[in-house]
>>> print(open('coords.cif').read())   # mmCIF, C-alpha atoms
data_target
loop_
_atom_site.label_atom_id
_atom_site.label_comp_id
_atom_site.auth_asym_id
_atom_site.auth_seq_id
_atom_site.Cartn_x
_atom_site.Cartn_y
_atom_site.Cartn_z
CA MET A 1 109.61 -11.38 -32.02
CA VAL A 2 107.11 -11.18 -34.86
CA LYS A 3 103.51 -12.20 -35.40
CA LEU A 4 102.55 -14.64 -38.14
CA VAL A 5 99.70 -15.93 -40.24
CA LEU A 6 99.76 -19.74 -40.42
CA MET A 7 97.88 -21.42 -43.24
CA HIS A 8 95.95 -24.48 -42.07
CA LYS A 9 93.78 -27.03 -43.87
CA ALA A 10 91.63 -29.45 -41.88
CA ASP A 11 92.57 -32.35 -44.19
CA SER A 12 96.24 -31.38 -44.38
CA ILE A 13 98.85 -34.09 -44.94
CA TYR A 14 100.89 -32.41 -42.19
CA ASP A 15 100.61 -33.17 -38.48
CA ASP A 16 98.75 -29.99 -37.62
CA GLU A 17 96.62 -29.63 -34.51
CA PRO A 18 95.96 -25.87 -34.30
CA ASP A 19 95.60 -25.86 -30.52
CA SER A 20 98.85 -27.74 -29.89
CA VAL A 21 101.26 -28.05 -32.86
CA TYR A 22 101.97 -26.70 -36.35
CA ASP A 23 103.97 -28.79 -38.83
CA PHE A 24 106.06 -26.87 -41.38
CA PRO A 25 109.07 -27.28 -43.75
CA ARG A 26 112.56 -25.78 -43.47
CA PRO A 27 111.96 -22.73 -45.75
CA TYR A 28 109.73 -21.22 -43.03
CA LEU A 29 112.07 -22.01 -40.12
CA LYS A 30 113.57 -18.52 -39.73
CA ALA A 31 110.19 -16.77 -39.69
CA VAL A 32 108.73 -19.23 -37.18
CA GLN A 33 111.77 -19.01 -34.91
CA GLU A 34 111.40 -15.22 -34.89
CA ALA A 35 107.79 -15.65 -33.74
CA VAL A 36 108.53 -17.82 -30.69
CA GLY A 37 106.88 -16.17 -27.70
CA ASP A 38 104.57 -14.11 -29.92
CA TRP A 39 101.11 -14.68 -31.37
CA VAL A 40 99.88 -16.17 -34.65
CA ILE A 41 96.59 -16.19 -36.53
CA TYR A 42 95.32 -19.27 -38.34
CA TYR A 43 94.06 -18.91 -41.89
CA GLU A 44 92.15 -21.36 -44.09
CA PRO A 45 93.14 -21.10 -47.77
CA VAL A 46 90.46 -20.57 -50.39
CA LYS A 47 90.69 -24.09 -51.81
CA ALA A 48 90.24 -25.63 -48.33
CA GLY A 49 87.03 -23.90 -47.27
CA PRO A 50 85.26 -20.64 -46.50
CA ARG A 51 86.58 -19.82 -43.03
CA GLY A 52 89.32 -17.25 -43.74
CA TYR A 53 90.98 -16.21 -40.45
CA PHE A 54 89.57 -18.40 -37.70
CA ALA A 55 91.72 -18.56 -34.54
CA THR A 56 94.74 -17.24 -32.69
CA ALA A 57 97.40 -18.80 -30.46
CA ARG A 58 100.86 -18.12 -29.02
CA LEU A 59 103.98 -19.98 -30.18
CA GLN A 60 106.04 -21.49 -27.37
CA GLN A 61 108.82 -23.49 -28.99
CA VAL A 62 110.17 -24.87 -32.29
CA ILE A 63 111.64 -28.37 -32.48
CA PRO A 64 112.78 -30.66 -35.33
CA LYS A 65 110.06 -33.09 -36.30
CA PRO A 66 111.14 -36.57 -35.14
CA GLY A 67 111.85 -38.89 -38.06
CA ALA A 68 111.20 -36.25 -40.71
CA GLU A 69 114.29 -34.60 -42.17
CA GLY A 70 113.74 -30.96 -43.10
CA ARG A 71 110.48 -30.60 -41.16
CA TYR A 72 109.79 -28.82 -37.88
CA LEU A 73 107.06 -28.53 -35.28
CA ALA A 74 105.94 -25.24 -33.77
CA LEU A 75 104.53 -26.03 -30.35
CA ILE A 76 101.59 -23.92 -29.18
CA ALA A 77 101.67 -22.52 -25.65
CA PRO A 78 99.15 -24.52 -23.57
CA GLY A 79 95.95 -22.60 -22.93
CA SER A 80 96.69 -19.92 -25.53
CA PHE A 81 94.67 -21.18 -28.52
CA LEU A 82 91.37 -19.34 -28.96
CA PRO A 83 88.94 -19.68 -31.89
CA PHE A 84 87.42 -16.49 -33.20
CA ASP A 85 83.84 -15.80 -32.20
CA ARG A 86 83.16 -14.86 -35.80
CA GLU A 87 85.37 -16.04 -38.63
CA VAL A 88 87.03 -13.13 -40.43
CA PRO A 89 86.74 -13.00 -44.24
CA ARG A 90 89.81 -12.84 -46.42
CA LEU A 91 88.65 -9.59 -48.00
CA ILE A 92 86.51 -6.72 -46.72
CA ASP A 93 85.11 -4.42 -49.39
CA GLY A 94 87.49 -6.08 -51.80
CA ARG A 95 90.59 -5.22 -49.74
CA PRO A 96 92.87 -7.74 -47.99
CA LEU A 97 93.33 -7.47 -44.23
CA GLU A 98 97.08 -8.04 -44.50
CA THR A 99 99.21 -5.13 -45.65
CA ALA A 100 101.66 -7.53 -47.31
CA LEU A 101 98.85 -8.84 -49.54
CA THR A 102 97.59 -5.37 -50.56
CA ASP A 103 98.62 -3.54 -53.72
CA THR A 104 99.12 0.22 -53.83
CA ASP A 105 95.55 0.77 -55.05
CA GLY A 106 94.10 -1.37 -52.23
CA SER A 107 93.38 -4.37 -54.43
CA PRO A 108 94.68 -7.88 -53.62
CA ARG A 109 98.16 -8.69 -54.87
CA ARG A 110 98.64 -11.74 -57.06
CA GLY A 111 101.18 -14.48 -56.36
CA GLY A 112 104.20 -13.87 -54.15
CA ALA A 113 103.31 -13.60 -50.46
CA THR A 114 99.74 -14.76 -51.11
CA GLN A 115 101.08 -18.27 -51.73
CA LEU A 116 103.10 -18.52 -48.52
CA ALA A 117 101.88 -20.92 -45.82
CA VAL A 118 103.68 -18.81 -43.19
CA ARG A 119 103.49 -15.03 -43.47
CA ARG A 120 104.78 -12.26 -41.22
CA LEU A 121 102.04 -10.03 -39.85
CA SER A 122 102.30 -6.47 -38.55
CA ASP A 123 101.02 -5.63 -35.06
CA ALA A 124 98.39 -3.35 -36.61
CA ASP A 125 97.10 -6.06 -38.96
CA PHE A 126 97.07 -8.56 -36.09
CA ALA A 127 95.04 -6.21 -33.87
CA ARG A 128 92.57 -5.47 -36.67
CA ILE A 129 91.93 -9.14 -37.43
CA VAL A 130 91.55 -10.01 -33.73
CA ASP A 131 89.15 -7.09 -33.22
CA LEU A 132 86.99 -8.43 -36.04
CA GLY A 133 87.12 -12.02 -34.83
CA LEU A 134 86.94 -11.41 -31.07
CA PRO A 135 85.17 -8.08 -30.48
CA GLU A 136 86.26 -6.03 -27.47
CA ASP A 137 82.71 -5.99 -26.11
CA LEU A 138 82.09 -9.74 -26.50
CA GLU A 139 81.23 -10.14 -22.82
CA THR A 140 78.59 -7.39 -23.03
CA ILE A 141 77.19 -8.89 -26.24
CA GLU A 142 76.79 -12.25 -24.50
CA ALA A 143 75.31 -10.76 -21.32
CA GLN A 144 72.61 -8.93 -23.29
CA ARG A 145 72.07 -11.62 -25.91
CA TRP A 146 69.05 -13.31 -24.35
CA ASP A 147 67.53 -10.32 -22.54
CA PRO A 148 65.79 -7.96 -25.01
CA LEU A 149 64.46 -5.79 -22.15
CA GLN A 150 67.95 -5.26 -20.78
CA VAL A 151 69.17 -4.30 -24.24
CA ALA A 152 66.31 -1.80 -24.68
CA LEU A 153 66.91 -0.16 -21.30
CA ALA A 154 70.68 -0.18 -21.35
CA GLU A 155 72.42 3.13 -21.93
CA PRO A 156 75.13 3.07 -24.59
CA VAL A 157 78.45 2.29 -22.93
CA LEU A 158 81.77 2.42 -24.67
CA PRO A 159 83.74 -0.77 -23.97
CA PHE A 160 86.82 -0.39 -21.83
CA GLN A 161 89.69 -0.40 -24.30
CA ARG A 162 91.88 -3.24 -23.13
CA PRO A 163 95.02 -3.99 -25.18
CA VAL A 164 94.45 -6.89 -27.57
CA LEU A 165 96.94 -9.20 -25.87
CA GLU A 166 95.44 -8.53 -22.45
CA ARG A 167 92.06 -9.53 -23.84
CA LEU A 168 93.46 -12.77 -25.27
CA THR A 169 94.97 -13.79 -21.94
CA ARG A 170 92.16 -12.70 -19.61
CA ARG A 171 90.31 -15.80 -18.40
CA PRO A 172 86.77 -14.31 -18.14
CA PHE A 173 86.94 -13.12 -21.76
CA ARG A 174 88.21 -16.51 -22.92
CA GLU A 175 85.46 -18.32 -21.01
CA VAL A 176 82.79 -16.26 -22.75
CA ALA A 177 84.37 -16.87 -26.16
CA PHE A 178 84.65 -20.62 -25.47
CA ARG A 179 81.07 -20.86 -24.20
CA ARG A 180 79.63 -19.07 -27.22
CA LYS A 181 81.47 -21.26 -29.74
CA VAL A 182 80.72 -24.59 -28.03
CA ARG A 183 77.03 -23.95 -27.43
CA GLU A 184 76.59 -22.67 -30.98
CA ALA A 185 78.42 -25.69 -32.42
CA TYR A 186 76.02 -28.07 -30.66
CA ASP A 187 72.99 -25.96 -31.60
CA TYR A 188 72.37 -25.28 -27.88
CA ARG A 189 71.54 -28.97 -27.36
CA CYS A 190 73.08 -31.26 -24.74
CA ALA A 191 75.44 -33.72 -26.43
CA VAL A 192 74.54 -36.52 -23.97
CA SER A 193 70.81 -36.13 -23.31
CA GLY A 194 69.94 -34.64 -26.70
CA LEU A 195 67.71 -32.06 -24.99
CA ARG A 196 67.59 -28.40 -25.94
CA LEU A 197 66.13 -26.57 -22.97
CA ARG A 198 65.46 -22.84 -22.63
CA ASN A 199 64.25 -20.83 -19.67
CA GLY A 200 61.22 -18.55 -19.71
CA GLY A 201 63.21 -15.74 -21.33
CA GLY A 202 64.55 -17.97 -24.09
CA ARG A 203 68.05 -18.32 -22.62
CA PRO A 204 69.58 -21.75 -23.40
CA GLU A 205 70.21 -23.83 -20.29
CA VAL A 206 73.02 -25.86 -21.88
CA GLN A 207 76.56 -25.20 -20.62
CA ALA A 208 80.00 -25.50 -22.22
CA ALA A 209 82.27 -28.09 -20.60
CA HIS A 210 86.00 -28.46 -21.18
CA ILE A 211 86.83 -32.11 -21.90
CA ARG A 212 90.41 -31.67 -20.72
CA PRO A 213 90.45 -28.83 -18.16
CA VAL A 214 92.55 -25.76 -18.85
CA GLU A 215 94.46 -26.34 -15.59
CA HIS A 216 95.50 -29.73 -17.01
CA GLN A 217 96.87 -28.35 -20.29
CA GLY A 218 93.48 -28.34 -22.00
CA SER A 219 92.72 -25.71 -24.64
CA ASP A 220 89.78 -23.44 -25.43
CA SER A 221 89.32 -25.13 -28.80
CA VAL A 222 85.76 -26.16 -29.64
CA ARG A 223 87.24 -29.64 -30.11
CA ASN A 224 88.00 -29.65 -26.40
CA GLY A 225 84.41 -28.81 -25.51
CA LEU A 226 81.03 -30.44 -25.06
CA ALA A 227 77.64 -28.79 -24.69
CA LEU A 228 76.06 -30.35 -21.60
CA SER A 229 73.11 -29.73 -19.32
CA GLY A 230 73.98 -28.56 -15.81
CA THR A 231 73.56 -32.01 -14.24
CA LEU A 232 75.54 -33.80 -16.96
CA HIS A 233 78.28 -31.15 -16.81
CA TRP A 234 78.59 -31.85 -13.08
CA MET A 235 78.69 -35.61 -13.75
CA PHE A 236 81.25 -35.27 -16.56
CA ASP A 237 83.61 -33.16 -14.46
CA ARG A 238 83.42 -35.73 -11.63
CA GLY A 239 84.07 -38.75 -13.83
CA LEU A 240 80.57 -40.23 -13.57
CA VAL A 241 80.12 -40.12 -17.36
CA SER A 242 82.60 -40.09 -20.24
CA VAL A 243 82.76 -40.90 -23.96
CA ALA A 244 84.26 -44.02 -25.56
CA GLU A 245 86.39 -44.08 -28.69
CA ASP A 246 83.33 -45.02 -30.77
CA LEU A 247 81.41 -42.11 -29.16
CA THR A 248 79.33 -44.38 -26.94
CA ILE A 249 78.42 -42.60 -23.70
CA LEU A 250 80.05 -44.32 -20.73
CA VAL A 251 78.45 -44.32 -17.28
CA SER A 252 80.04 -45.24 -13.97
CA ARG A 253 77.29 -47.71 -13.13
CA ASN A 254 78.51 -48.40 -9.59
CA LYS A 255 78.01 -44.69 -8.76
CA VAL A 256 75.05 -43.69 -10.95
CA PRO A 257 71.69 -45.46 -10.42
CA SER A 258 70.42 -47.13 -13.60
CA GLU A 259 67.14 -45.23 -13.49
CA VAL A 260 69.07 -41.93 -13.40
CA ALA A 261 71.38 -42.90 -16.27
CA ASP A 262 68.48 -44.15 -18.40
CA ARG A 263 66.67 -40.83 -18.04
CA LEU A 264 69.71 -38.66 -18.76
CA ILE A 265 71.19 -40.39 -21.81
CA GLN A 266 69.57 -40.02 -25.20
CA PRO A 267 68.23 -43.16 -26.96
CA GLY A 268 70.99 -45.07 -28.71
CA GLY A 269 73.56 -44.10 -26.10
CA LYS A 270 75.82 -42.20 -28.53
CA LEU A 271 77.22 -38.69 -28.27
CA ARG A 272 75.34 -36.13 -30.34
CA LEU A 273 77.88 -34.43 -32.63
CA PRO A 274 77.90 -30.92 -34.11
CA ALA A 275 76.87 -30.54 -37.74
CA ASP A 276 80.31 -29.10 -38.57
CA PRO A 277 83.07 -31.76 -38.42
CA HIS A 278 85.56 -28.98 -37.53
CA ALA A 279 83.84 -28.88 -34.13
CA TRP A 280 83.75 -32.60 -33.33
CA PRO A 281 85.51 -33.49 -30.07
CA HIS A 282 89.11 -34.54 -30.61
CA PRO A 283 89.73 -38.24 -29.85
CA ALA A 284 92.85 -37.36 -27.84
CA ASN A 285 90.83 -35.12 -25.52
CA LEU A 286 88.17 -37.78 -25.00
CA ARG A 287 90.88 -40.35 -24.30
CA TRP A 288 92.47 -38.04 -21.72
CA HIS A 289 89.12 -37.73 -19.94
CA ARG A 290 88.59 -41.50 -19.92
CA GLU A 291 92.08 -42.18 -18.58
CA ASN A 292 92.31 -39.36 -16.04
CA VAL A 293 88.78 -38.45 -14.91
CA PHE A 294 86.29 -41.24 -15.61
CA GLY A 295 85.67 -43.39 -12.54
CA GLN A 296 87.85 -41.18 -10.34
CA SER A 297 85.08 -39.40 -8.41
CA HIS A 298 85.05 -39.64 -4.62
CA PRO A 299 82.31 -41.89 -3.23
CA ASP A 300 81.28 -39.26 -0.67
CA ASP A 301 80.62 -36.55 -3.30
CA PRO A 302 77.08 -35.18 -2.88
CA THR A 303 74.88 -36.07 -5.85
CA PRO A 304 71.97 -34.19 -7.46
CA TRP A 305 69.65 -37.20 -7.29
#
>>> encode(input="coords.cif", output="structure tokens")
Amino acid sequence: MVKLVLMHKADSIYDDEPDSVYDFPRPYLKAVQEAVGDWVIYYEPVKAGPRGYFATARLQQVIPKPGAEGRYLALIAPGSFLPFDREVPRLIDGRPLETALTDTDGSPRRGGATQLAVRRLSDADFARIVDLGLPEDLETIEAQRWDPLQVALAEPVLPFQRPVLERLTRRPFREVAFRRKVREAYDYRCAVSGLRLRNGGGRPEVQAAHIRPVEHQGSDSVRNGLALSGTLHWMFDRGLVSVAEDLTILVSRNKVPSEVADRLIQPGGKLRLPADPHAWPHPANLRWHRENVFGQSHPDDPTPW
């Protein structure tokens, strides 16, 4: 097996969905087949935007693309995709992060491998990029983020050195990474009520909800998340609210009193979207929620009103 860098553009003409499938031509088939079962890192080319390295995932399978001679689809293992907490720049101190792109004097190479949409990546380069994008101590950073007193009193503690792949597959770490990205994308504001609430210590009260749950093949992509208040998160998970194709907020009116719905939903009745279109909820995830969760709650569920 081998690790790869996969070039991805948000407006690509290919059928790429980073958390589920990567579309590529025949010249890259051998490299991608070698990577099945191993991990990849997604990279945004210079002409497409400023993100650099922005996510990781594990390849599960390669299949021919139906109806497209000479093209193939790399299927992403469900639940493996994870966006970086901080996007990693292409160069640090003028030096590339990939050994294959680095000249003998440390400067970036020109042409050649730099133009490849699929590039082999050493284990050491992979670990370095992941460490920069998903720091080992991310859980500690988040725990101390909104508590200045705790930070001031805390004694320096070296993070437990977990192997990179263990970190990427450990659910508590992934939950923290998902929560940080979703809440940041929505500016710590509930996407349904429009409210941005903080407790007395300044900690945001908004939560990060998976649109399609991980246990139902949902991913930890920001596009599979919504920032919701505690009550609306509870309602969303139980199918009492959902989101229509045109982003209108749907309410199960036979289960939610009108006076409750009118107080919880922001004026206009539309979902509040992140400023960055990269983070907008994917229509397929919203459709899955409408078809599989909305209206399915049990009538004897206790309610918060």
>>> residues_around(input="coords.cif", residues="Ser193 (chain A)", least_positions_apart="3", cutoff="12 Å", atoms="only C-alpha atoms", output="PyMOL selection string")
chain A and resi 188-190+196-197+206+226-233+241+249+260-273
>>> write_last_selection(input="coords.cif", atoms="C-alpha atoms", output="mmCIF file, keeping the file's coordinate frame")
data_model
loop_
_atom_site.group_PDB
_atom_site.id
_atom_site.type_symbol
_atom_site.label_atom_id
_atom_site.label_comp_id
_atom_site.auth_asym_id
_atom_site.auth_seq_id
_atom_site.Cartn_x
_atom_site.Cartn_y
_atom_site.Cartn_z
ATOM 1 C CA TYR A 188 72.370 -25.280 -27.880
ATOM 2 C CA ARG A 189 71.540 -28.970 -27.360
ATOM 3 C CA CYS A 190 73.080 -31.260 -24.740
ATOM 4 C CA ARG A 196 67.590 -28.400 -25.940
ATOM 5 C CA LEU A 197 66.130 -26.570 -22.970
ATOM 6 C CA VAL A 206 73.020 -25.860 -21.880
ATOM 7 C CA LEU A 226 81.030 -30.440 -25.060
ATOM 8 C CA ALA A 227 77.640 -28.790 -24.690
ATOM 9 C CA LEU A 228 76.060 -30.350 -21.600
ATOM 10 C CA SER A 229 73.110 -29.730 -19.320
ATOM 11 C CA GLY A 230 73.980 -28.560 -15.810
ATOM 12 C CA THR A 231 73.560 -32.010 -14.240
ATOM 13 C CA LEU A 232 75.540 -33.800 -16.960
ATOM 14 C CA HIS A 233 78.280 -31.150 -16.810
ATOM 15 C CA VAL A 241 80.120 -40.120 -17.360
ATOM 16 C CA ILE A 249 78.420 -42.600 -23.700
ATOM 17 C CA VAL A 260 69.070 -41.930 -13.400
ATOM 18 C CA ALA A 261 71.380 -42.900 -16.270
ATOM 19 C CA ASP A 262 68.480 -44.150 -18.400
ATOM 20 C CA ARG A 263 66.670 -40.830 -18.040
ATOM 21 C CA LEU A 264 69.710 -38.660 -18.760
ATOM 22 C CA ILE A 265 71.190 -40.390 -21.810
ATOM 23 C CA GLN A 266 69.570 -40.020 -25.200
ATOM 24 C CA PRO A 267 68.230 -43.160 -26.960
ATOM 25 C CA GLY A 268 70.990 -45.070 -28.710
ATOM 26 C CA GLY A 269 73.560 -44.100 -26.100
ATOM 27 C CA LYS A 270 75.820 -42.200 -28.530
ATOM 28 C CA LEU A 271 77.220 -38.690 -28.270
ATOM 29 C CA ARG A 272 75.340 -36.130 -30.340
ATOM 30 C CA LEU A 273 77.880 -34.430 -32.630
#
>>> closest_residue(input="coords.cif", among="A:Pro163, A:Pro78, A:Gly194, A:Gly225", to="Ala208 (chain A)", atoms="only C-alpha atoms")
A:Gly225
>>> residues_around(input="coords.cif", residues="region 171-183 of chain A", least_positions_apart="2", cutoff="10 Å", atoms="all atoms listed in the file", output="PyMOL selection string")
chain A and resi 79-86+134-143+166-169+185-191+204-210+219-228+274+279
>>> write_last_selection(input="coords.cif", atoms="C-alpha atoms", output="compact mmCIF listing (two decimals), keeping the file's coordinate frame")
# COMPACT_ATOMS: atom_id res chain seq x y z
CA GLY A 79 95.95 -22.60 -22.93
CA SER A 80 96.69 -19.92 -25.53
CA PHE A 81 94.67 -21.18 -28.52
CA LEU A 82 91.37 -19.34 -28.96
CA PRO A 83 88.94 -19.68 -31.89
CA PHE A 84 87.42 -16.49 -33.20
CA ASP A 85 83.84 -15.80 -32.20
CA ARG A 86 83.16 -14.86 -35.80
CA LEU A 134 86.94 -11.41 -31.07
CA PRO A 135 85.17 -8.08 -30.48
CA GLU A 136 86.26 -6.03 -27.47
CA ASP A 137 82.71 -5.99 -26.11
CA LEU A 138 82.09 -9.74 -26.50
CA GLU A 139 81.23 -10.14 -22.82
CA THR A 140 78.59 -7.39 -23.03
CA ILE A 141 77.19 -8.89 -26.24
CA GLU A 142 76.79 -12.25 -24.50
CA ALA A 143 75.31 -10.76 -21.32
CA GLU A 166 95.44 -8.53 -22.45
CA ARG A 167 92.06 -9.53 -23.84
CA LEU A 168 93.46 -12.77 -25.27
CA THR A 169 94.97 -13.79 -21.94
CA ALA A 185 78.42 -25.69 -32.42
CA TYR A 186 76.02 -28.07 -30.66
CA ASP A 187 72.99 -25.96 -31.60
CA TYR A 188 72.37 -25.28 -27.88
CA ARG A 189 71.54 -28.97 -27.36
CA CYS A 190 73.08 -31.26 -24.74
CA ALA A 191 75.44 -33.72 -26.43
CA PRO A 204 69.58 -21.75 -23.40
CA GLU A 205 70.21 -23.83 -20.29
CA VAL A 206 73.02 -25.86 -21.88
CA GLN A 207 76.56 -25.20 -20.62
CA ALA A 208 80.00 -25.50 -22.22
CA ALA A 209 82.27 -28.09 -20.60
CA HIS A 210 86.00 -28.46 -21.18
CA SER A 219 92.72 -25.71 -24.64
CA ASP A 220 89.78 -23.44 -25.43
CA SER A 221 89.32 -25.13 -28.80
CA VAL A 222 85.76 -26.16 -29.64
CA ARG A 223 87.24 -29.64 -30.11
CA ASN A 224 88.00 -29.65 -26.40
CA GLY A 225 84.41 -28.81 -25.51
CA LEU A 226 81.03 -30.44 -25.06
CA ALA A 227 77.64 -28.79 -24.69
CA LEU A 228 76.06 -30.35 -21.60
CA PRO A 274 77.90 -30.92 -34.11
CA ALA A 279 83.84 -28.88 -34.13
>>> atom_distance(input="coords.cif", atom1="CA of Gly133 (chain A)", atom2="CA of Arg145 (chain A)")
17.5 Å
>>> closest_residue(input="coords.cif", among="A:Glu98, A:Ile211, A:Ile41, A:Arg58", to="Trp280 (chain A)", atoms="all atoms listed in the file")
A:Ile211
>>> resolve_selection(input="coords.cif", expression="the PyMOL selection byres ((chain A and resi 22) around 8)", output="short mmCIF file (atom, residue, chain, number, x, y, z; two decimals) with C-alpha atoms, in the coordinates of the input")
data_model
loop_
_atom_site.label_atom_id
_atom_site.label_comp_id
_atom_site.auth_asym_id
_atom_site.auth_seq_id
_atom_site.Cartn_x
_atom_site.Cartn_y
_atom_site.Cartn_z
CA ASP A 15 100.61 -33.17 -38.48
CA ASP A 16 98.75 -29.99 -37.62
CA GLU A 17 96.62 -29.63 -34.51
CA PRO A 18 95.96 -25.87 -34.30
CA SER A 20 98.85 -27.74 -29.89
CA VAL A 21 101.26 -28.05 -32.86
CA ASP A 23 103.97 -28.79 -38.83
CA PHE A 24 106.06 -26.87 -41.38
CA LEU A 73 107.06 -28.53 -35.28
CA ALA A 74 105.94 -25.24 -33.77
CA LEU A 75 104.53 -26.03 -30.35
CA ILE A 76 101.59 -23.92 -29.18
#
>>> resolve_selection(input="coords.cif", expression="the PyMOL selection byres ((chain A and resi 52) around 6)", output="mmCIF file with C-alpha atoms, in the frame of the given file")
data_model
loop_
_atom_site.group_PDB
_atom_site.id
_atom_site.type_symbol
_atom_site.label_atom_id
_atom_site.label_comp_id
_atom_site.auth_asym_id
_atom_site.auth_seq_id
_atom_site.Cartn_x
_atom_site.Cartn_y
_atom_site.Cartn_z
ATOM 1 C CA TYR A 43 94.060 -18.910 -41.890
ATOM 2 C CA GLU A 44 92.150 -21.360 -44.090
ATOM 3 C CA PRO A 50 85.260 -20.640 -46.500
ATOM 4 C CA ARG A 51 86.580 -19.820 -43.030
ATOM 5 C CA TYR A 53 90.980 -16.210 -40.450
ATOM 6 C CA VAL A 88 87.030 -13.130 -40.430
ATOM 7 C CA PRO A 89 86.740 -13.000 -44.240
ATOM 8 C CA ARG A 90 89.810 -12.840 -46.420
#
>>> closest_residue(input="coords.cif", among="A:Arg290, A:Arg71, A:Arg110, A:Lys47", to="Lys9 (chain A)", atoms="all atoms listed in the file")
A:Lys47
>>> atom_distance(input="coords.cif", atom1="CA of Gln61 (chain A)", atom2="CA of Asp38 (chain A)")
10.3 Å
>>> atom_distance(input="coords.cif", atom1="CA of Phe54 (chain A)", atom2="CA of Tyr72 (chain A)")
22.7 Å
>>> resolve_selection(input="coords.cif", expression="the PyMOL selection byres ((chain A and resi 251) around 6)", output="ChimeraX atom specification")
/A:240-241,250,252-253
>>> closest_residue(input="coords.cif", among="A:His8, A:His289, A:Arg238, A:His216", to="Thr56 (chain A)", atoms="only C-alpha atoms")
A:His8
>>> closest_residue(input="coords.cif", among="A:Ala77, A:Val256, A:Val192, A:Ala31", to="Val243 (chain A)", atoms="all atoms listed in the file")
A:Val192
>>> closest_residue(input="coords.cif", among="A:Ser242, A:Asn254, A:Thr248, A:Gln60", to="Val293 (chain A)", atoms="all atoms listed in the file")
A:Ser242
>>> residues_around(input="coords.cif", residues="Ser107 (chain A)", least_positions_apart="4", cutoff="9 Å", atoms="only C-alpha atoms", output="PyMOL selection string")
chain A and resi 94-96+101-103
>>> decode(input="coords.cif", residues="region 222-226 of chain A", atoms="all heavy atoms", output="compact mmCIF listing (two decimals), in the first residue's frame")
# COMPACT_ATOMS: atom_id res chain seq x y z
N VAL A 222 -17.56 18.88 6.99
CA VAL A 222 -18.35 20.03 7.41
C VAL A 222 -19.66 20.08 6.62
O VAL A 222 -20.69 20.53 7.14
CB VAL A 222 -17.55 21.34 7.20
CG1 VAL A 222 -18.39 22.56 7.58
CG2 VAL A 222 -16.27 21.31 8.01
N ARG A 223 -19.66 19.56 5.40
CA ARG A 223 -20.85 19.55 4.57
C ARG A 223 -21.88 18.52 5.03
O ARG A 223 -22.98 18.45 4.48
CB ARG A 223 -20.48 19.32 3.10
CG ARG A 223 -19.53 20.37 2.54
CD ARG A 223 -19.51 20.38 1.04
NE ARG A 223 -20.76 20.89 0.52
CZ ARG A 223 -21.12 20.81 -0.76
NH1 ARG A 223 -20.32 20.20 -1.63
NH2 ARG A 223 -22.27 21.31 -1.17
N ASN A 224 -21.51 17.74 6.03
CA ASN A 224 -22.47 16.84 6.67
C ASN A 224 -22.76 17.31 8.08
O ASN A 224 -23.15 16.53 8.94
CB ASN A 224 -21.91 15.41 6.71
CG ASN A 224 -22.94 14.40 7.19
OD1 ASN A 224 -24.12 14.46 6.83
ND2 ASN A 224 -22.51 13.47 8.04
N GLY A 225 -22.61 18.61 8.32
CA GLY A 225 -22.84 19.15 9.65
C GLY A 225 -23.69 20.40 9.64
O GLY A 225 -23.75 21.13 8.65
N LEU A 226 -24.36 20.63 10.76
CA LEU A 226 -25.09 21.87 11.00
C LEU A 226 -24.78 22.34 12.41
O LEU A 226 -24.69 21.52 13.33
CB LEU A 226 -26.61 21.66 10.89
CG LEU A 226 -27.20 21.36 9.51
CD1 LEU A 226 -28.69 21.05 9.65
CD2 LEU A 226 -27.00 22.54 8.56
